[in-house]
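Engineer: Okay, so here is model.cif, and as you'll see once you scroll down, it has mmCIF, C-alpha atoms.
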```
data_target
#
loop_
_atom_site.group_PDB
_atom_site.id
_atom_site.type_symbol
_atom_site.label_atom_id
_atom_site.label_comp_id
_atom_site.auth_asym_id
_atom_site.auth_seq_id
_atom_site.Cartn_x
_atom_site.Cartn_y
_atom_site.Cartn_z
ATOM 1 C CA MET A 1 -9.144 14.339 -4.193
ATOM 2 C CA ILE A 2 -6.570 12.637 -1.974
ATOM 3 C CA ARG A 3 -7.177 12.885 1.755
ATOM 4 C CA GLU A 4 -6.436 10.992 4.953
ATOM 5 C CA ILE A 5 -8.653 8.030 5.774
ATOM 6 C CA GLN A 6 -11.774 8.573 7.896
ATOM 7 C CA ALA A 7 -13.796 6.002 9.857
ATOM 8 C CA LYS A 8 -16.591 6.161 7.276
ATOM 9 C CA ASP A 9 -14.157 4.895 4.584
ATOM 10 C CA ASN A 10 -13.526 1.457 6.115
ATOM 11 C CA LYS A 11 -16.170 -0.525 4.231
ATOM 12 C CA ALA A 12 -15.577 1.171 0.867
ATOM 13 C CA ILE A 13 -11.775 0.820 0.843
ATOM 14 C CA ALA A 14 -11.990 -2.809 2.003
ATOM 15 C CA GLY A 15 -14.264 -3.383 -1.001
ATOM 16 C CA VAL A 16 -11.788 -1.750 -3.387
ATOM 17 C CA ILE A 17 -8.946 -3.896 -2.016
ATOM 18 C CA ARG A 18 -10.833 -7.194 -2.133
ATOM 19 C CA SER A 19 -12.282 -6.513 -5.599
ATOM 20 C CA ALA A 20 -8.796 -5.906 -6.986
ATOM 21 C CA LEU A 21 -7.438 -9.113 -5.489
ATOM 22 C CA GLU A 22 -10.420 -11.086 -6.826
ATOM 23 C CA GLU A 23 -9.855 -9.577 -10.265
ATOM 24 C CA TYR A 24 -6.277 -10.889 -10.296
ATOM 25 C CA GLY A 25 -7.172 -14.291 -8.820
ATOM 26 C CA GLN A 26 -5.364 -13.469 -5.570
ATOM 27 C CA ALA A 27 -8.251 -13.686 -3.080
ATOM 28 C CA LYS A 28 -6.385 -16.059 -0.809
ATOM 29 C CA GLU A 29 -4.986 -16.665 2.656
ATOM 30 C CA GLY A 30 -1.770 -14.849 3.477
ATOM 31 C CA THR A 31 -2.754 -11.634 1.683
ATOM 32 C CA VAL A 32 -4.648 -8.528 2.783
ATOM 33 C CA TYR A 33 -7.746 -10.257 1.370
ATOM 34 C CA THR A 34 -8.130 -12.326 4.556
ATOM 35 C CA ASP A 35 -6.286 -9.957 6.908
ATOM 36 C CA PRO A 36 -8.867 -8.835 9.510
ATOM 37 C CA THR A 37 -7.321 -5.350 9.636
ATOM 38 C CA THR A 38 -8.498 -4.747 6.047
ATOM 39 C CA ASP A 39 -11.981 -4.053 7.431
ATOM 40 C CA HIS A 40 -10.634 -1.583 10.008
ATOM 41 C CA LEU A 41 -8.028 0.513 8.221
ATOM 42 C CA PHE A 42 -9.029 3.765 9.908
ATOM 43 C CA GLU A 43 -8.300 2.209 13.298
ATOM 44 C CA LEU A 44 -5.122 0.496 12.072
ATOM 45 C CA PHE A 45 -3.707 3.745 10.734
ATOM 46 C CA LYS A 46 -4.032 5.477 14.089
ATOM 47 C CA THR A 47 -0.755 3.670 14.865
ATOM 48 C CA GLU A 48 2.092 6.106 15.417
ATOM 49 C CA GLY A 49 4.321 6.411 12.354
ATOM 50 C CA SER A 50 1.550 5.438 9.942
ATOM 51 C CA ILE A 51 -0.774 7.237 7.543
ATOM 52 C CA TYR A 52 -3.295 6.116 4.925
ATOM 53 C CA PHE A 53 -4.574 8.161 2.030
ATOM 54 C CA ILE A 54 -7.897 7.743 0.279
ATOM 55 C CA LEU A 55 -8.516 8.659 -3.345
ATOM 56 C CA GLU A 56 -12.034 10.016 -3.643
ATOM 57 C CA LEU A 57 -13.658 10.883 -6.970
ATOM 58 C CA GLU A 58 -17.130 12.380 -7.191
ATOM 59 C CA GLY A 59 -17.728 11.570 -3.515
ATOM 60 C CA LYS A 60 -16.820 7.895 -3.912
ATOM 61 C CA VAL A 61 -13.840 6.031 -2.407
ATOM 62 C CA VAL A 62 -11.990 4.551 -5.392
ATOM 63 C CA GLY A 63 -8.504 3.817 -4.070
ATOM 64 C CA GLY A 64 -5.923 4.191 -1.363
ATOM 65 C CA CYS A 65 -2.305 3.802 -0.279
ATOM 66 C CA GLY A 66 -0.395 4.236 2.956
ATOM 67 C CA ILE A 67 2.692 3.902 5.105
ATOM 68 C CA TYR A 68 2.938 1.562 8.075
ATOM 69 C CA PRO A 69 5.737 0.796 10.580
ATOM 70 C CA THR A 70 5.529 -2.978 10.101
ATOM 71 C CA LYS A 71 6.906 -5.040 12.979
ATOM 72 C CA GLY A 72 10.446 -6.285 12.486
ATOM 73 C CA LEU A 73 11.542 -3.846 9.792
ATOM 74 C CA PRO A 74 15.065 -2.403 10.082
ATOM 75 C CA THR A 75 15.488 1.018 11.699
ATOM 76 C CA GLY A 76 14.458 3.830 9.350
ATOM 77 C CA TYR A 77 12.120 1.608 7.318
ATOM 78 C CA ALA A 78 8.362 1.749 6.879
ATOM 79 C CA GLU A 79 6.205 -0.357 4.610
ATOM 80 C CA LEU A 80 4.302 1.061 1.652
ATOM 81 C CA VAL A 81 0.977 -0.708 2.041
ATOM 82 C CA LYS A 82 -2.377 -1.324 0.439
ATOM 83 C CA LEU A 83 -2.009 0.515 -2.869
ATOM 84 C CA TYR A 84 -5.258 -0.397 -4.600
ATOM 85 C CA LEU A 85 -7.483 1.305 -7.177
ATOM 86 C CA ASN A 86 -10.741 0.485 -8.879
ATOM 87 C CA SER A 87 -9.978 -1.239 -12.187
ATOM 88 C CA ASN A 88 -11.320 1.600 -14.371
ATOM 89 C CA LEU A 89 -8.780 4.014 -12.850
ATOM 90 C CA ARG A 90 -5.573 2.035 -13.310
ATOM 91 C CA GLY A 91 -3.008 3.331 -15.765
ATOM 92 C CA LYS A 92 -4.192 6.930 -15.443
ATOM 93 C CA GLY A 93 -1.651 8.238 -12.929
ATOM 94 C CA TYR A 94 -3.784 7.919 -9.793
ATOM 95 C CA GLY A 95 -1.692 5.098 -8.334
ATOM 96 C CA LYS A 96 1.504 7.054 -8.855
ATOM 97 C CA GLU A 97 -0.088 10.109 -7.250
ATOM 98 C CA LEU A 98 -1.202 8.094 -4.199
ATOM 99 C CA MET A 99 2.210 6.499 -3.929
ATOM 100 C CA GLN A 100 4.010 9.852 -4.187
ATOM 101 C CA LYS A 101 1.811 11.325 -1.457
ATOM 102 C CA SER A 102 2.646 8.313 0.735
ATOM 103 C CA MET A 103 6.381 8.527 -0.020
ATOM 104 C CA ASP A 104 6.402 12.249 0.795
ATOM 105 C CA ALA A 105 4.614 11.551 4.081
ATOM 106 C CA ALA A 106 7.089 8.784 4.943
ATOM 107 C CA GLN A 107 10.011 11.106 4.343
ATOM 108 C CA ALA A 108 8.360 13.846 6.433
ATOM 109 C CA MET A 109 7.959 11.290 9.263
ATOM 110 C CA GLY A 110 11.700 10.622 9.146
ATOM 111 C CA TYR A 111 11.779 7.292 7.334
ATOM 112 C CA THR A 112 14.759 6.750 5.044
ATOM 113 C CA TYR A 113 13.593 3.583 3.261
ATOM 114 C CA LEU A 114 10.323 2.121 2.111
ATOM 115 C CA TYR A 115 9.724 -1.582 1.844
ATOM 116 C CA LEU A 116 6.810 -3.313 0.150
ATOM 117 C CA GLU A 117 5.444 -6.767 -0.445
ATOM 118 C CA SER A 118 3.432 -7.764 -3.468
ATOM 119 C CA ILE A 119 2.472 -10.637 -5.729
ATOM 120 C CA PRO A 120 3.872 -11.000 -9.256
ATOM 121 C CA ALA A 121 0.306 -11.353 -10.616
ATOM 122 C CA LEU A 122 -0.268 -7.692 -9.712
ATOM 123 C CA ASN A 123 2.036 -6.841 -12.609
ATOM 124 C CA GLU A 124 0.741 -3.302 -13.237
ATOM 125 C CA ALA A 125 1.520 -2.356 -9.642
ATOM 126 C CA VAL A 126 4.924 -4.049 -9.784
ATOM 127 C CA HIS A 127 5.751 -2.097 -12.952
ATOM 128 C CA LEU A 128 4.747 1.134 -11.191
ATOM 129 C CA TYR A 129 6.932 0.306 -8.181
ATOM 130 C CA GLU A 130 9.918 -0.262 -10.464
ATOM 131 C CA LYS A 131 9.190 2.928 -12.379
ATOM 132 C CA VAL A 132 9.436 5.043 -9.195
ATOM 133 C CA GLY A 133 12.674 3.384 -8.076
ATOM 134 C CA PHE A 134 11.795 0.315 -6.012
ATOM 135 C CA LYS A 135 14.323 -2.513 -6.371
ATOM 136 C CA LYS A 136 13.569 -6.216 -5.889
ATOM 137 C CA LEU A 137 14.908 -8.041 -2.845
ATOM 138 C CA ASP A 138 15.748 -11.733 -2.475
ATOM 139 C CA ALA A 139 13.915 -12.166 0.824
ATOM 140 C CA PRO A 140 11.276 -10.455 2.946
ATOM 141 C CA LEU A 141 11.970 -7.880 5.643
ATOM 142 C CA GLY A 142 9.881 -7.541 8.778
ATOM 143 C CA ASP A 143 6.852 -9.565 9.785
ATOM 144 C CA SER A 144 3.733 -8.504 7.883
ATOM 145 C CA GLY A 145 2.106 -11.924 8.216
ATOM 146 C CA HIS A 146 1.330 -11.913 4.485
ATOM 147 C CA PHE A 147 2.996 -15.209 3.678
ATOM 148 C CA SER A 148 1.476 -15.423 0.188
ATOM 149 C CA CYS A 149 3.291 -12.276 -0.917
ATOM 150 C CA ASP A 150 6.455 -13.514 -2.575
ATOM 151 C CA LEU A 151 7.778 -10.349 -4.177
ATOM 152 C CA TRP A 152 9.684 -7.921 -1.958
ATOM 153 C CA MET A 153 11.048 -4.498 -2.842
ATOM 154 C CA GLU A 154 12.695 -1.480 -1.214
ATOM 155 C CA LYS A 155 13.405 2.129 -2.107
ATOM 156 C CA LYS A 156 15.713 4.689 -0.520
ATOM 157 C CA LEU A 157 13.835 7.921 0.102
ATOM 158 C CA GLY A 158 15.190 11.350 -0.673
ATOM 159 C CA PHE A 159 17.340 12.697 -3.424
ATOM 160 C CA GLU A 160 19.559 10.191 -5.168
#
```
Could you render the structure as structure tokens?
Structural biologist:
Amino acid sequence: MIREIQAKDNKAIAGVIRSALEEYGQAKEGTVYTDPTTDHLFELFKTEGSIYFILELEGKVVGGCGIYPTKGLPTGYAELVKLYLNSNLRGKGYGKELMQKSMDAAQAMGYTYLYLESIPALNEAVHLYEKVGFKKLDAPLGDSGHFSCDLWMEKKLGFE
């Protein structure tokens, strides 16, 4: 089941995110691992122009993905953020489903482009981003504060 984040999800989704980064050896400064908002996603996603979806299986939070109007992005852009899944669920279509729900929501909110930041070590996610049409950029957009993310991508929303 995919649904919008609730206050009760904060601890569980922060655990999913940090576990994934630990698994890939990316538990470091300048990523969402140390970002204080990671522990308060419900509150963060009350920001206008944002939404965060939780993947829940058998009553347990096992993943999430969202859209956020990151400071400094060009007009019409939002950032695709915090796409993370428990390791046993990767490669089964859940990430793509979460991402599609987020992209649909972004388009419904009037965004025309999505931007994202990642780390090359998260190669399964990067492959998924490319598969759904994200293209690599040479430099970052906006000001996420995630200085350890050195892979930047964008995607035009809508029919191409």
Engineer: Just give me the gap between atom CA of Asp39 of chain A and atom CA of Ile13 of chain A in Å, one decimal is fine.
Structural biologist: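 Those two atoms sit 8.2 Å apart.
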Engineer: Please write the residues picked by the PyMOL selection byres ((chain A and resi 125) around 12) on this file as a VMD selection string.
Structural biologist: chain A and resid 20 to 21 24 65 81 to 85 87 90 to 91 93 to 96 99 116 to 124 126 to 132 134 151 153
Engineer: Given the file shown, enumerate the residues that the PyMOL selection byres ((chain A and resi 140-150) around 8) captures and present them as a compact mmCIF listing (two decimals) with C-alpha atoms, keeping the file's coordinate frame.
Structural biologist:
```txt
# COMPACT_ATOMS: atom_id res chain seq x y z
CA LYS A 28 -6.38 -16.06 -0.81
CA GLU A 29 -4.99 -16.66 2.66
CA GLY A 30 -1.77 -14.85 3.48
CA THR A 31 -2.75 -11.63 1.68
CA VAL A 32 -4.65 -8.53 2.78
CA THR A 70 5.53 -2.98 10.10
CA LYS A 71 6.91 -5.04 12.98
CA GLY A 72 10.45 -6.28 12.49
CA LEU A 73 11.54 -3.85 9.79
CA PRO A 74 15.06 -2.40 10.08
CA TYR A 115 9.72 -1.58 1.84
CA GLU A 117 5.44 -6.77 -0.44
CA SER A 118 3.43 -7.76 -3.47
CA ILE A 119 2.47 -10.64 -5.73
CA PRO A 120 3.87 -11.00 -9.26
CA LEU A 137 14.91 -8.04 -2.84
CA ASP A 138 15.75 -11.73 -2.48
CA ALA A 139 13.92 -12.17 0.82
CA LEU A 151 7.78 -10.35 -4.18
CA TRP A 152 9.68 -7.92 -1.96
```
Engineer: Find, counting all atoms listed in the file, the residue in A:Ile2, A:Asn88, A:Lys136, A:Val61 that gets nearest to Ala14 of chain A.
Structural biologist: A:Val61
Engineer: Hey, can you pull every residue with an atom no more than 7 Å from (-3.7, 11.5, -5.0), using only C-alpha atoms, and send it as a PyMOL selection string?
Structural biologist: chain A and resi 1-2+55+94+97-98+101
Engineer: At a cut-off of 6 Å, using all atoms listed in the file, what residues contact Asn10 of chain A? Leave out same-chain residues fewer than 2 positions from it and give the result as a list in words.
Structural biologist: Ala7, Lys8, Ala12, Ile13, Asp39, His40 and Leu41 of chain A
Engineer: For the structure shown, which residues end up in the PyMOL selection byres ((chain A and resi 156) around 8)? Put them as a list in words, please?
Structural biologist: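 For this structure, the PyMOL selection byres ((chain A and resi 156) around 8) captures Thr112, Tyr113, Leu114, Glu154, Lys155, Leu157 and Gly158 of chain A.
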Engineer: Of the candidates A:Ile5, A:Lys135, A:Gln107, A:Lys60, which one gets nearest to Glu43 of chain A if we count all atoms listed in the file?
Structural biologist: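 Of all the options, A:Ile5 lies closest to Glu43 of chain A.
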Engineer: Tell me which of A:Met103, A:Ala78, A:Ile54, A:Leu89 sits closest to Arg3 of chain A, counting all atoms listed in the file.
Structural biologist: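 Answer, going by the shortest atom-to-atom distance: A:Ile54.
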Engineer: Mind completing segment 94-117 of chain A with N, CA and C atoms? Output as a PDB file, keeping the file's coordinate frame, please?
Structural biologist:
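result13.pdb, freshly written:
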```
ATOM      1  N   TYR A  94      -3.274   7.808 -11.167  1.00  0.00           N
ATOM      2  CA  TYR A  94      -3.784   7.919  -9.793  1.00  0.00           C
ATOM      3  C   TYR A  94      -2.941   7.118  -8.802  1.00  0.00           C
ATOM      4  N   GLY A  95      -2.526   5.926  -9.205  1.00  0.00           N
ATOM      5  CA  GLY A  95      -1.692   5.098  -8.334  1.00  0.00           C
ATOM      6  C   GLY A  95      -0.374   5.777  -8.029  1.00  0.00           C
ATOM      7  N   LYS A  96       0.236   6.346  -9.049  1.00  0.00           N
ATOM      8  CA  LYS A  96       1.504   7.054  -8.855  1.00  0.00           C
ATOM      9  C   LYS A  96       1.313   8.250  -7.928  1.00  0.00           C
ATOM     10  N   GLU A  97       0.199   8.953  -8.088  1.00  0.00           N
ATOM     11  CA  GLU A  97      -0.088  10.109  -7.250  1.00  0.00           C
ATOM     12  C   GLU A  97      -0.271   9.693  -5.780  1.00  0.00           C
ATOM     13  N   LEU A  98      -1.015   8.612  -5.563  1.00  0.00           N
ATOM     14  CA  LEU A  98      -1.202   8.094  -4.199  1.00  0.00           C
ATOM     15  C   LEU A  98       0.134   7.657  -3.603  1.00  0.00           C
ATOM     16  N   MET A  99       0.925   6.975  -4.404  1.00  0.00           N
ATOM     17  CA  MET A  99       2.210   6.499  -3.929  1.00  0.00           C
ATOM     18  C   MET A  99       3.140   7.662  -3.606  1.00  0.00           C
ATOM     19  N   GLN A 100       3.150   8.695  -4.436  1.00  0.00           N
ATOM     20  CA  GLN A 100       4.010   9.852  -4.187  1.00  0.00           C
ATOM     21  C   GLN A 100       3.603  10.553  -2.896  1.00  0.00           C
ATOM     22  N   LYS A 101       2.305  10.697  -2.693  1.00  0.00           N
ATOM     23  CA  LYS A 101       1.811  11.325  -1.457  1.00  0.00           C
ATOM     24  C   LYS A 101       2.275  10.504  -0.241  1.00  0.00           C
ATOM     25  N   SER A 102       2.212   9.193  -0.351  1.00  0.00           N
ATOM     26  CA  SER A 102       2.646   8.313   0.735  1.00  0.00           C
ATOM     27  C   SER A 102       4.155   8.394   0.949  1.00  0.00           C
ATOM     28  N   MET A 103       4.925   8.429  -0.146  1.00  0.00           N
ATOM     29  CA  MET A 103       6.381   8.527  -0.020  1.00  0.00           C
ATOM     30  C   MET A 103       6.784   9.860   0.607  1.00  0.00           C
ATOM     31  N   ASP A 104       6.124  10.932   0.205  1.00  0.00           N
ATOM     32  CA  ASP A 104       6.402  12.249   0.795  1.00  0.00           C
ATOM     33  C   ASP A 104       6.098  12.243   2.288  1.00  0.00           C
ATOM     34  N   ALA A 105       4.989  11.628   2.668  1.00  0.00           N
ATOM     35  CA  ALA A 105       4.614  11.551   4.081  1.00  0.00           C
ATOM     36  C   ALA A 105       5.635  10.730   4.859  1.00  0.00           C
ATOM     37  N   ALA A 106       6.093   9.627   4.274  1.00  0.00           N
ATOM     38  CA  ALA A 106       7.089   8.784   4.943  1.00  0.00           C
ATOM     39  C   ALA A 106       8.379   9.562   5.189  1.00  0.00           C
ATOM     40  N   GLN A 107       8.795  10.314   4.195  1.00  0.00           N
ATOM     41  CA  GLN A 107      10.011  11.106   4.343  1.00  0.00           C
ATOM     42  C   GLN A 107       9.818  12.183   5.410  1.00  0.00           C
ATOM     43  N   ALA A 108       8.658  12.822   5.425  1.00  0.00           N
ATOM     44  CA  ALA A 108       8.360  13.846   6.433  1.00  0.00           C
ATOM     45  C   ALA A 108       8.336  13.255   7.846  1.00  0.00           C
ATOM     46  N   MET A 109       7.982  11.967   7.960  1.00  0.00           N
ATOM     47  CA  MET A 109       7.959  11.290   9.263  1.00  0.00           C
ATOM     48  C   MET A 109       9.344  10.808   9.675  1.00  0.00           C
ATOM     49  N   GLY A 110      10.337  10.983   8.802  1.00  0.00           N
ATOM     50  CA  GLY A 110      11.700  10.622   9.146  1.00  0.00           C
ATOM     51  C   GLY A 110      12.166   9.265   8.651  1.00  0.00           C
ATOM     52  N   TYR A 111      11.346   8.574   7.894  1.00  0.00           N
ATOM     53  CA  TYR A 111      11.779   7.292   7.334  1.00  0.00           C
ATOM     54  C   TYR A 111      12.796   7.537   6.218  1.00  0.00           C
ATOM     55  N   THR A 112      13.745   6.623   6.096  1.00  0.00           N
ATOM     56  CA  THR A 112      14.759   6.750   5.044  1.00  0.00           C
ATOM     57  C   THR A 112      14.602   5.699   3.955  1.00  0.00           C
ATOM     58  N   TYR A 113      13.859   4.635   4.242  1.00  0.00           N
ATOM     59  CA  TYR A 113      13.593   3.583   3.261  1.00  0.00           C
ATOM     60  C   TYR A 113      12.128   3.174   3.320  1.00  0.00           C
ATOM     61  N   LEU A 114      11.632   2.759   2.173  1.00  0.00           N
ATOM     62  CA  LEU A 114      10.323   2.121   2.111  1.00  0.00           C
ATOM     63  C   LEU A 114      10.502   0.697   1.617  1.00  0.00           C
ATOM     64  N   TYR A 115       9.749  -0.171   2.194  1.00  0.00           N
ATOM     65  CA  TYR A 115       9.724  -1.582   1.844  1.00  0.00           C
ATOM     66  C   TYR A 115       8.306  -1.898   1.386  1.00  0.00           C
ATOM     67  N   LEU A 116       8.151  -2.866   0.513  1.00  0.00           N
ATOM     68  CA  LEU A 116       6.810  -3.313   0.150  1.00  0.00           C
ATOM     69  C   LEU A 116       6.825  -4.783  -0.190  1.00  0.00           C
ATOM     70  N   GLU A 117       5.653  -5.379  -0.061  1.00  0.00           N
ATOM     71  CA  GLU A 117       5.444  -6.767  -0.445  1.00  0.00           C
ATOM     72  C   GLU A 117       4.324  -6.794  -1.468  1.00  0.00           C
TER      73      GLU A 117
END
```
